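Note: the block below is data.cif and it holds mmCIF, C-alpha atoms.
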data_run
loop_
_atom_site.label_atom_id
_atom_site.label_comp_id
_atom_site.auth_asym_id
_atom_site.auth_seq_id
_atom_site.Cartn_x
_atom_site.Cartn_y
_atom_site.Cartn_z
CA MET E 19 -0.51 3.27 24.70
CA SER E 20 3.26 2.64 24.61
CA HIS E 21 5.61 3.28 27.54
CA LEU E 22 8.66 3.70 25.32
CA PRO E 23 10.83 6.83 25.60
CA ALA E 24 10.09 9.79 23.31
CA ARG E 25 11.29 9.39 19.71
CA SER E 26 12.75 5.96 20.52
CA VAL E 27 11.11 4.09 17.62
CA ALA E 28 12.14 5.25 14.15
CA VAL E 29 9.34 4.59 11.64
CA VAL E 30 10.95 4.85 8.20
CA LEU E 31 8.67 5.28 5.17
CA GLY E 32 8.61 7.03 1.81
CA THR E 33 5.28 6.48 0.04
CA ARG E 34 1.56 7.09 0.49
CA PRO E 35 0.59 3.43 1.08
CA GLU E 36 3.12 3.21 3.93
CA LEU E 37 1.69 6.37 5.52
CA VAL E 38 -1.78 4.86 5.40
CA LYS E 39 -0.77 1.46 6.77
CA LEU E 40 1.39 2.84 9.57
CA THR E 41 -1.00 5.59 10.76
CA ASP E 42 -2.58 3.58 13.58
CA LEU E 43 0.77 2.22 14.69
CA VAL E 44 2.24 5.75 14.87
CA ARG E 45 -0.81 6.96 16.82
CA LEU E 46 -0.54 4.08 19.30
CA LEU E 47 3.19 4.74 19.77
CA GLY E 48 2.41 8.39 20.49
CA PRO E 49 5.49 10.44 21.49
CA ALA E 50 7.69 7.30 21.15
CA ALA E 51 7.34 7.46 17.34
CA HIS E 52 9.94 9.31 15.28
CA LEU E 53 8.53 9.45 11.74
CA VAL E 54 11.24 9.55 9.04
CA HIS E 55 10.04 10.26 5.47
CA THR E 56 12.61 9.57 2.75
CA GLY E 57 10.64 11.62 0.23
CA GLN E 58 10.47 8.68 -2.23
CA HIS E 59 6.98 10.02 -3.09
CA TYR E 60 6.81 13.59 -2.06
CA ASP E 61 4.73 16.34 -3.44
CA GLU E 62 1.91 18.24 -1.76
CA GLU E 63 -0.70 16.43 -3.89
CA LEU E 64 0.55 12.91 -3.17
CA SER E 65 2.05 12.95 0.31
CA GLY E 66 1.71 16.37 1.96
CA ARG E 67 -2.08 16.26 1.99
CA PHE E 68 -1.93 12.68 3.25
CA LEU E 69 0.12 13.62 6.32
CA THR E 70 -2.40 16.33 7.18
CA GLU E 71 -5.44 14.18 6.45
CA LEU E 72 -4.14 11.25 8.52
CA GLY E 73 -3.25 13.56 11.42
CA LEU E 74 0.36 12.35 11.57
CA PRO E 75 3.19 14.21 13.33
CA GLU E 76 5.64 16.27 11.27
CA PRO E 77 8.30 13.85 9.99
CA THR E 78 12.05 14.28 9.63
CA PHE E 79 12.43 14.60 5.85
CA LEU E 80 15.42 13.26 3.95
CA THR E 81 16.48 15.08 0.77
CA GLY E 82 17.32 14.38 -2.87
CA ILE E 83 15.60 10.98 -3.11
CA GLY E 84 12.29 11.45 -4.98
CA GLY E 85 12.50 10.84 -8.72
CA GLN E 86 15.92 9.14 -8.55
CA PRO E 87 16.70 5.63 -9.88
CA ARG E 88 16.24 2.76 -7.41
CA ALA E 89 19.95 2.37 -6.52
CA VAL E 90 20.33 6.10 -5.90
CA GLN E 91 17.16 6.24 -3.77
CA ILE E 92 18.37 3.38 -1.59
CA SER E 93 21.97 4.60 -1.24
CA ALA E 94 21.06 8.25 -0.61
CA ALA E 95 18.44 7.28 1.98
CA LEU E 96 20.85 4.81 3.62
CA ALA E 97 23.59 7.45 3.99
CA GLN E 98 21.19 9.98 5.56
CA LEU E 99 19.55 7.40 7.82
CA ASP E 100 22.95 6.24 9.07
CA GLU E 101 23.77 9.83 9.98
CA LEU E 102 20.41 10.24 11.73
CA PHE E 103 20.72 6.95 13.67
CA THR E 104 24.23 7.93 14.77
CA ALA E 105 23.08 11.32 16.04
CA GLU E 106 19.87 9.99 17.62
CA PRO E 107 20.03 6.18 18.00
CA PRO E 108 16.54 4.62 18.18
CA LEU E 109 15.75 1.58 20.34
CA ALA E 110 14.01 -0.02 17.33
CA VAL E 111 13.31 0.67 13.66
CA VAL E 112 10.01 -0.12 11.91
CA VAL E 113 9.61 -0.52 8.15
CA GLN E 114 6.53 -1.59 6.23
CA GLY E 115 6.21 -3.52 2.99
CA ASP E 116 8.62 -3.52 0.11
CA THR E 117 9.54 0.02 -0.95
CA ASN E 118 13.05 1.41 -1.54
CA ALA E 119 12.48 3.45 1.63
CA ALA E 120 11.75 0.28 3.61
CA LEU E 121 14.89 -1.44 2.33
CA ALA E 122 17.04 1.61 3.15
CA GLY E 123 15.53 1.74 6.66
CA ALA E 124 16.18 -1.97 7.15
CA LEU E 125 19.81 -1.76 6.01
CA ALA E 126 20.44 1.31 8.17
CA ALA E 127 19.06 -0.47 11.26
CA ASN E 128 21.02 -3.63 10.48
CA SER E 129 24.32 -1.78 9.98
CA ARG E 130 23.96 -0.11 13.40
CA GLY E 131 22.74 -3.25 15.21
CA ILE E 132 19.33 -1.71 15.98
CA PRO E 133 16.39 -4.16 16.34
CA LEU E 134 14.36 -4.16 13.12
CA LEU E 135 10.64 -4.89 12.89
CA HIS E 136 9.13 -5.58 9.45
CA VAL E 137 5.39 -4.91 9.13
CA GLU E 138 3.79 -7.04 6.39
CA ALA E 139 6.54 -9.63 6.18
CA GLY E 140 6.41 -12.78 4.06
CA LEU E 141 4.58 -11.50 0.98
CA ARG E 142 5.85 -13.27 -2.14
CA SER E 143 4.90 -12.91 -5.81
CA HIS E 144 7.70 -15.28 -6.93
CA ASP E 145 8.22 -12.81 -9.80
CA ARG E 146 11.88 -11.86 -10.03
CA ASN E 147 11.10 -9.04 -12.47
CA MET E 148 9.55 -7.04 -9.61
CA PRO E 149 12.01 -4.79 -7.76
CA GLU E 150 9.62 -4.96 -4.78
CA GLU E 151 10.04 -8.75 -4.56
CA HIS E 152 13.80 -8.32 -4.05
CA ASN E 153 13.22 -5.54 -1.51
CA ARG E 154 10.83 -7.59 0.62
CA VAL E 155 12.98 -10.74 0.53
CA LEU E 156 16.07 -8.76 1.60
CA ILE E 157 14.18 -7.00 4.43
CA ASP E 158 12.82 -10.33 5.69
CA ARG E 159 16.33 -11.81 5.81
CA ILE E 160 17.61 -9.12 8.20
CA ALA E 161 14.49 -8.28 10.25
CA ASP E 162 14.50 -9.32 13.92
CA VAL E 163 10.71 -9.39 14.21
CA LEU E 164 8.66 -10.34 11.16
CA CYS E 165 4.99 -9.34 11.37
CA ALA E 166 3.24 -11.63 8.89
CA ALA E 167 -0.27 -10.52 7.95
CA THR E 168 -1.55 -14.05 7.27
CA GLU E 169 -0.68 -17.70 7.91
CA ASP E 170 0.26 -17.99 4.21
CA ASN E 171 2.82 -15.21 4.68
CA ARG E 172 4.21 -17.04 7.72
CA ALA E 173 4.45 -20.27 5.70
CA ASN E 174 6.44 -18.41 2.99
CA LEU E 175 8.96 -17.28 5.61
CA LEU E 176 9.32 -20.70 7.23
CA ALA E 177 9.84 -22.26 3.77
CA GLU E 178 12.76 -19.86 3.29
CA GLY E 179 14.35 -20.99 6.54
CA VAL E 180 13.38 -18.02 8.72
CA ASP E 181 13.34 -18.99 12.41
CA ASP E 182 9.74 -19.42 13.58
CA ALA E 183 10.58 -17.52 16.79
CA ARG E 184 11.13 -14.34 14.73
CA VAL E 185 7.70 -14.54 13.04
CA ALA E 186 4.38 -13.31 14.48
CA VAL E 187 1.05 -13.47 12.62
CA THR E 188 -0.49 -10.08 13.39
CA GLY E 189 -3.06 -9.50 10.65
CA ASN E 190 -2.63 -6.58 8.25
CA THR E 191 -2.76 -2.97 9.46
CA VAL E 192 -4.78 -2.10 6.34
CA VAL E 193 -7.94 -3.39 8.09
CA GLU E 194 -7.82 -0.75 10.82
CA ALA E 195 -6.67 1.87 8.27
CA VAL E 196 -9.81 1.29 6.20
CA HIS E 197 -12.12 1.25 9.23
CA GLY E 198 -10.47 4.40 10.59
CA GLN E 199 -10.41 6.42 7.39
CA LEU E 200 -13.67 5.40 5.67
CA PRO E 201 -16.09 8.35 5.91
CA ASP E 202 -19.53 7.69 7.44
CA ALA E 203 -22.55 6.77 5.31
CA ALA E 204 -23.82 10.37 4.96
CA ALA E 205 -20.40 11.70 3.91
CA ARG E 206 -19.99 8.83 1.44
CA ALA E 207 -23.38 9.49 -0.12
CA GLU E 208 -22.47 13.17 -0.51
CA LEU E 209 -19.11 12.30 -2.14
CA VAL E 210 -20.68 9.84 -4.58
CA GLU E 211 -23.24 12.49 -5.56
CA ARG E 212 -20.60 15.22 -5.85
CA HIS E 213 -18.78 13.06 -8.41
CA GLY E 214 -22.06 12.74 -10.35
CA LEU E 215 -22.29 9.01 -9.66
CA THR E 216 -24.91 6.54 -8.46
CA ALA E 217 -23.97 4.00 -5.77
CA ASP E 218 -23.28 0.45 -7.01
CA SER E 219 -23.39 1.46 -10.66
CA TYR E 220 -19.91 2.70 -11.63
CA VAL E 221 -16.38 1.34 -12.01
CA LEU E 222 -13.41 2.89 -10.15
CA ALA E 223 -10.01 2.31 -11.80
CA THR E 224 -6.40 3.20 -10.95
CA VAL E 225 -3.22 2.54 -12.94
CA HIS E 226 0.23 3.45 -11.66
CA ARG E 227 2.65 0.49 -11.66
CA PRO E 228 5.71 0.84 -13.93
CA GLU E 229 5.00 -2.56 -15.54
CA ASN E 230 1.79 -0.97 -16.91
CA THR E 231 2.73 2.70 -17.33
CA ASP E 232 6.22 2.24 -18.85
CA SER E 233 4.94 -0.04 -21.62
CA VAL E 234 3.00 1.69 -24.39
CA ALA E 235 1.43 -1.65 -25.35
CA ALA E 236 0.22 -2.31 -21.79
CA LEU E 237 -1.04 1.25 -21.38
CA ARG E 238 -2.93 1.08 -24.68
CA ALA E 239 -4.41 -2.34 -23.81
CA ILE E 240 -5.61 -1.22 -20.37
CA PHE E 241 -7.16 2.06 -21.47
CA THR E 242 -8.71 0.45 -24.56
CA GLU E 243 -10.54 -1.97 -22.24
CA LEU E 244 -11.57 0.78 -19.78
CA SER E 245 -12.79 2.92 -22.67
CA ALA E 246 -14.91 0.02 -24.02
CA LEU E 247 -16.30 -0.64 -20.54
CA ALA E 248 -17.24 3.06 -20.23
CA GLN E 249 -19.72 2.66 -23.07
CA SER E 250 -22.01 0.72 -20.74
CA VAL E 251 -21.08 1.95 -17.23
CA PRO E 252 -19.36 5.12 -15.93
CA VAL E 253 -15.63 4.49 -15.37
CA VAL E 254 -13.97 6.86 -12.89
CA VAL E 255 -10.17 7.14 -13.14
CA PRO E 256 -8.27 9.20 -10.55
CA LEU E 257 -5.19 9.72 -12.74
CA HIS E 258 -1.72 9.56 -11.19
CA PRO E 259 0.43 12.42 -12.65
CA ARG E 260 3.02 9.91 -13.89
CA THR E 261 0.36 7.86 -15.69
CA ARG E 262 -1.07 10.97 -17.33
CA ALA E 263 2.40 11.97 -18.56
CA ARG E 264 2.94 8.47 -20.02
CA ILE E 265 -0.46 8.53 -21.75
CA GLU E 266 0.32 11.91 -23.32
CA ALA E 267 3.83 10.81 -24.37
CA ALA E 268 2.33 7.72 -26.03
CA GLY E 269 -0.35 9.78 -27.82
CA LEU E 270 -3.18 7.82 -26.19
CA GLU E 271 -5.26 10.80 -24.96
CA ASP E 272 -8.17 9.74 -27.19
CA LEU E 273 -8.70 6.72 -24.95
CA LEU E 274 -9.47 9.04 -22.02
CA THR E 275 -12.40 10.81 -23.71
CA GLY E 276 -15.15 8.40 -22.58
CA LEU E 277 -13.75 8.08 -19.04
CA THR E 278 -14.51 10.23 -15.99
CA VAL E 279 -10.97 11.38 -15.25
CA CYS E 280 -10.16 13.22 -12.00
CA ARG E 281 -7.13 14.18 -9.90
CA PRO E 282 -5.66 11.71 -7.36
CA LEU E 283 -8.03 11.45 -4.40
CA GLY E 284 -7.33 11.70 -0.66
CA TYR E 285 -7.42 8.31 1.05
CA GLY E 286 -10.81 8.78 2.73
CA GLU E 287 -12.41 10.03 -0.48
CA PHE E 288 -10.93 7.13 -2.44
CA LEU E 289 -12.25 4.60 0.09
CA ALA E 290 -15.71 6.22 -0.03
CA LEU E 291 -15.88 5.88 -3.82
CA ALA E 292 -14.42 2.35 -3.67
CA ARG E 293 -17.00 1.30 -1.06
CA HIS E 294 -19.86 2.10 -3.44
CA ALA E 295 -18.28 1.07 -6.77
CA ALA E 296 -19.86 -1.89 -8.55
CA LEU E 297 -16.30 -2.91 -9.48
CA LEU E 298 -12.69 -1.85 -8.92
CA VAL E 299 -9.98 -2.22 -11.57
CA SER E 300 -6.42 -1.59 -10.39
CA ASP E 301 -2.77 -2.61 -10.38
CA SER E 302 -2.31 -1.46 -6.77
CA GLY E 303 -1.20 -3.84 -4.03
CA GLY E 304 -3.10 -1.99 -1.30
CA ILE E 305 -6.41 -2.10 -3.16
CA GLN E 306 -6.16 -5.91 -3.25
CA GLU E 307 -6.39 -5.75 0.54
CA GLU E 308 -8.81 -2.82 0.83
CA CYS E 309 -11.40 -4.48 -1.44
CA THR E 310 -11.67 -7.35 1.06
CA VAL E 311 -12.47 -4.95 3.89
CA LEU E 312 -14.92 -2.96 1.74
CA GLY E 313 -16.55 -6.10 0.30
CA ARG E 314 -16.16 -5.07 -3.34
CA PRO E 315 -14.95 -7.05 -6.38
CA LEU E 316 -11.61 -6.18 -8.01
CA VAL E 317 -9.91 -6.91 -11.32
CA VAL E 318 -6.14 -6.85 -10.68
CA VAL E 319 -4.19 -5.86 -13.80
CA ARG E 320 -0.73 -7.32 -13.22
CA ARG E 321 1.54 -10.17 -14.25
CA SER E 322 1.70 -11.55 -10.71
CA THR E 323 0.47 -10.87 -7.19
CA GLU E 324 1.96 -11.24 -3.72
CA ARG E 325 -1.54 -11.25 -2.19
CA PRO E 326 -3.13 -14.56 -3.27
CA GLU E 327 -5.47 -14.38 -0.25
CA ALA E 328 -7.57 -11.76 -2.07
CA MET E 329 -7.89 -13.94 -5.19
CA ALA E 330 -10.01 -16.63 -3.49
CA ASP E 331 -13.24 -14.60 -3.54
CA PHE E 332 -12.70 -10.89 -4.02
CA ALA E 333 -10.34 -10.46 -6.96
CA ASP E 334 -9.32 -11.77 -10.38
CA LEU E 335 -5.73 -11.49 -11.65
CA VAL E 336 -5.47 -10.63 -15.37
CA GLU E 337 -2.79 -9.27 -17.70
CA PRO E 338 -3.33 -6.12 -19.80
CA GLY E 339 -5.65 -6.96 -22.71
CA PRO E 340 -9.13 -8.38 -23.44
CA GLN E 341 -9.10 -10.40 -20.18
CA ILE E 342 -9.72 -7.12 -18.33
CA GLY E 343 -13.05 -6.55 -20.08
CA ALA E 344 -14.04 -10.21 -19.79
CA ALA E 345 -13.35 -10.35 -16.02
CA ALA E 346 -15.00 -6.95 -15.46
CA ARG E 347 -18.19 -7.91 -17.31
CA ARG E 348 -18.38 -11.24 -15.51
CA ARG E 349 -18.16 -9.50 -12.10
CA LEU E 350 -20.61 -6.74 -13.08
CA ALA E 351 -23.10 -9.38 -14.29
CA GLU E 352 -23.26 -10.77 -10.72
CA GLY E 353 -25.04 -7.54 -9.78
CA PRO E 354 -26.46 -6.88 -6.27
CA ALA E 355 -26.30 -10.59 -5.34
CA GLY E 356 -22.56 -10.66 -6.05
CA LEU E 357 -21.99 -7.55 -3.95
CA ALA E 358 -24.07 -8.96 -1.09
CA ARG E 359 -22.05 -12.21 -1.16
CA LEU E 360 -18.71 -10.34 -0.87
CA ALA E 361 -20.06 -8.02 1.84
CA SER E 362 -20.87 -11.08 3.98
CA LEU E 363 -17.33 -12.51 3.83
CA PRO E 364 -14.62 -11.71 6.42
CA SER E 365 -11.38 -10.13 5.17
CA PRO E 366 -8.54 -12.66 5.00
CA PHE E 367 -6.25 -9.89 6.30
CA GLY E 368 -7.37 -9.97 9.92
CA ASP E 369 -9.59 -8.44 12.57
CA GLY E 370 -8.33 -4.85 12.79
CA SER E 371 -6.04 -5.32 15.80
CA ALA E 372 -2.73 -5.68 13.92
CA SER E 373 -1.32 -2.30 15.05
CA GLU E 374 -1.95 -3.10 18.72
CA ARG E 375 -0.20 -6.47 18.37
CA ILE E 376 2.76 -4.80 16.62
CA VAL E 377 3.14 -2.15 19.35
CA ALA E 378 3.27 -4.94 21.95
CA LEU E 379 6.00 -6.69 19.93
CA LEU E 380 7.90 -3.38 19.65
CA ALA E 381 7.78 -2.86 23.40
CA ALA E 382 9.35 -6.32 23.83
CA VAL E 383 12.03 -5.91 21.15
CA ALA E 384 13.13 -2.39 22.11
CA ALA E 385 15.36 -3.96 24.75
CA PRO E 386 13.56 -3.95 28.14
CA GLU E 387 16.95 -4.04 29.91
CA ARG E 388 17.92 -0.81 28.13
CA LEU E 389 14.65 0.75 29.25
CA ALA E 390 15.42 -0.22 32.83
CA VAL E 391 18.84 1.45 32.58
CA ALA E 392 17.28 4.54 30.96
CA ALA E 393 14.75 4.73 33.82
#
Go ahead and express the file in the form of structure tokens.
Amino acid sequence: MSHLPARSVAVVLGTRPELVKLTDLVRLLGPAAHLVHTGQHYDEELSGRFLTELGLPEPTFLTGIGGQPRAVQISAALAQLDELFTAEPPLAVVVQGDTNAALAGALAANSRGIPLLHVEAGLRSHDRNMPEEHNRVLIDRIADVLCAATEDNRANLLAEGVDDARVAVTGNTVVEAVHGQLPDAAARAELVERHGLTADSYVLATVHRPENTDSVAALRAIFTELSALAQSVPVVVPLHPRTRARIEAAGLEDLLTGLTVCRPLGYGEFLALARHAALLVSDSGGIQEECTVLGRPLVVVRRSTERPEAMADFADLVEPGPQIGAAARRRLAEGPAGLARLASLPSPFGDGSASERIVALLAAVAAPERLAVAA
């Protein structure tokens, strides 16, 4: 698809959601992509299996970053990226979203004067307690090309004084990720059955954000509500290792007894279960987008969201506590008619061509005059 030189576009990432959202872009770039994984999330369970499952090329791995505090993650990644970009200067750098890895990639590109493209620019929660909010604002200030997923994201950037010429509304790459990774109907039916579930009659829940897992009160409130919900409908919880450790440390294991707890799922398997859940409950950013592609309702358990587009029809934003149960029961009460209504709505995150638009923008930004010289 791209006519860029081999390994000329550095794609810097460090977490599972970035891998998922950048998969199609990396595939379209082909040999031009140089995948750089900071190891912000790296273990075989969480990222290794993902690389294999998504069919991505072997990345260059940075070291000593996973499990470190935010400042150490950013500074250690920045130092190693600077070394890498000196030894093998890319024509452009791509980062996605708002992770520490993305900020390190952005700063490394900026310090070396390499064109920087930010996928999923312009998201704002207006919540200064979120480290991710600071990351995404900083990346947007220094990016040369800002790929806004929606018109609302573009409006956020213009309101902050970003030059309109630097912004392109591309849609969100999550749409093609979901379409590409969702197993077919037969495989989904088999997965639902293997988990002992019945389509459209269970709840799928995930909890991993520090604002929920690092607070015993929040953790207790969330799992108390899920446990109460499980008395009337099966509640499946793929449990993040960090969340499990926090639950055990807080002595809340009793709240897991009525739930169907399993290990973290591969992306395709998660999408299959999400596609047939009567309701999703989560604090994940990505699921707020995925639910709109899958046509399923979601209760978002967070203080704030940077994805208001999902809240119009698909999702409800609630804080930990009784609101979770109230919102969940209200959505479940809508039954098949509610699910049919959501299934008929288009996703506010675009038409599934975002990655193609971004590759075209990359080809333009990676200095055509330099390509001519290289040729």
**Report entry** Near-stretch 239-241 of chain E list (9 Å; all atoms listed in the file; drop same-chain fewer than 3 positions) as a PyMOL selection string
**Finding:** chain E and resi 225+230+234-236+244-246+270+273-274+319+337-340+342
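Nearest-residue note for E:Ala166: choosing from E:Asn153, E:Gly48, E:Gly189, E:Val180, the minimum distance belongs to E:Gly189, counting only C-alpha atoms.
Among the candidates E:Ala384, E:Leu74, E:Leu164, E:Val221, the residue lying nearest to E:Pro315 is E:Val221 (atoms considered: all atoms listed in the file).
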If we count only C-alpha atoms and set the cut-off at 8 Å, which residues sit around stretch 321-324 of chain E, ignoring sequence neighbours fewer than 6 positions away in its own chain? Please answer as an mmCIF file with C-alpha atoms, in the coordinates of the input.
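Printed below is selection.cif as written:
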data_model
loop_
_atom_site.group_PDB
_atom_site.id
_atom_site.type_symbol
_atom_site.label_atom_id
_atom_site.label_comp_id
_atom_site.auth_asym_id
_atom_site.auth_seq_id
_atom_site.Cartn_x
_atom_site.Cartn_y
_atom_site.Cartn_z
ATOM 1 C CA LEU E 141 4.580 -11.500 0.980
ATOM 2 C CA ARG E 142 5.850 -13.270 -2.140
ATOM 3 C CA SER E 143 4.900 -12.910 -5.810
ATOM 4 C CA HIS E 144 7.700 -15.280 -6.930
ATOM 5 C CA ASP E 145 8.220 -12.810 -9.800
ATOM 6 C CA GLY E 303 -1.200 -3.840 -4.030
ATOM 7 C CA LEU E 335 -5.730 -11.490 -11.650
ATOM 8 C CA VAL E 336 -5.470 -10.630 -15.370
ATOM 9 C CA GLU E 337 -2.790 -9.270 -17.700
#
**Report entry** E:Leu297 surroundings by all atoms listed in the file, 9 Å radius, close-in-sequence under 3 positions cut, as a ChimeraX atom specification
**Finding:** /E:218-223,292,294,314-317,346,349-350
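Counting all atoms listed in the file and comparing E:Ser233, E:Gln114, E:Thr33, E:Thr78, the residue that lies closest to E:Ala268 is E:Ser233.
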Query - Picked residues, the PyMOL selection byres ((chain E and resi 201-214) around 8), expected as a ChimeraX atom specification - result: /E:199-200,215-217,286-287,289-291,294
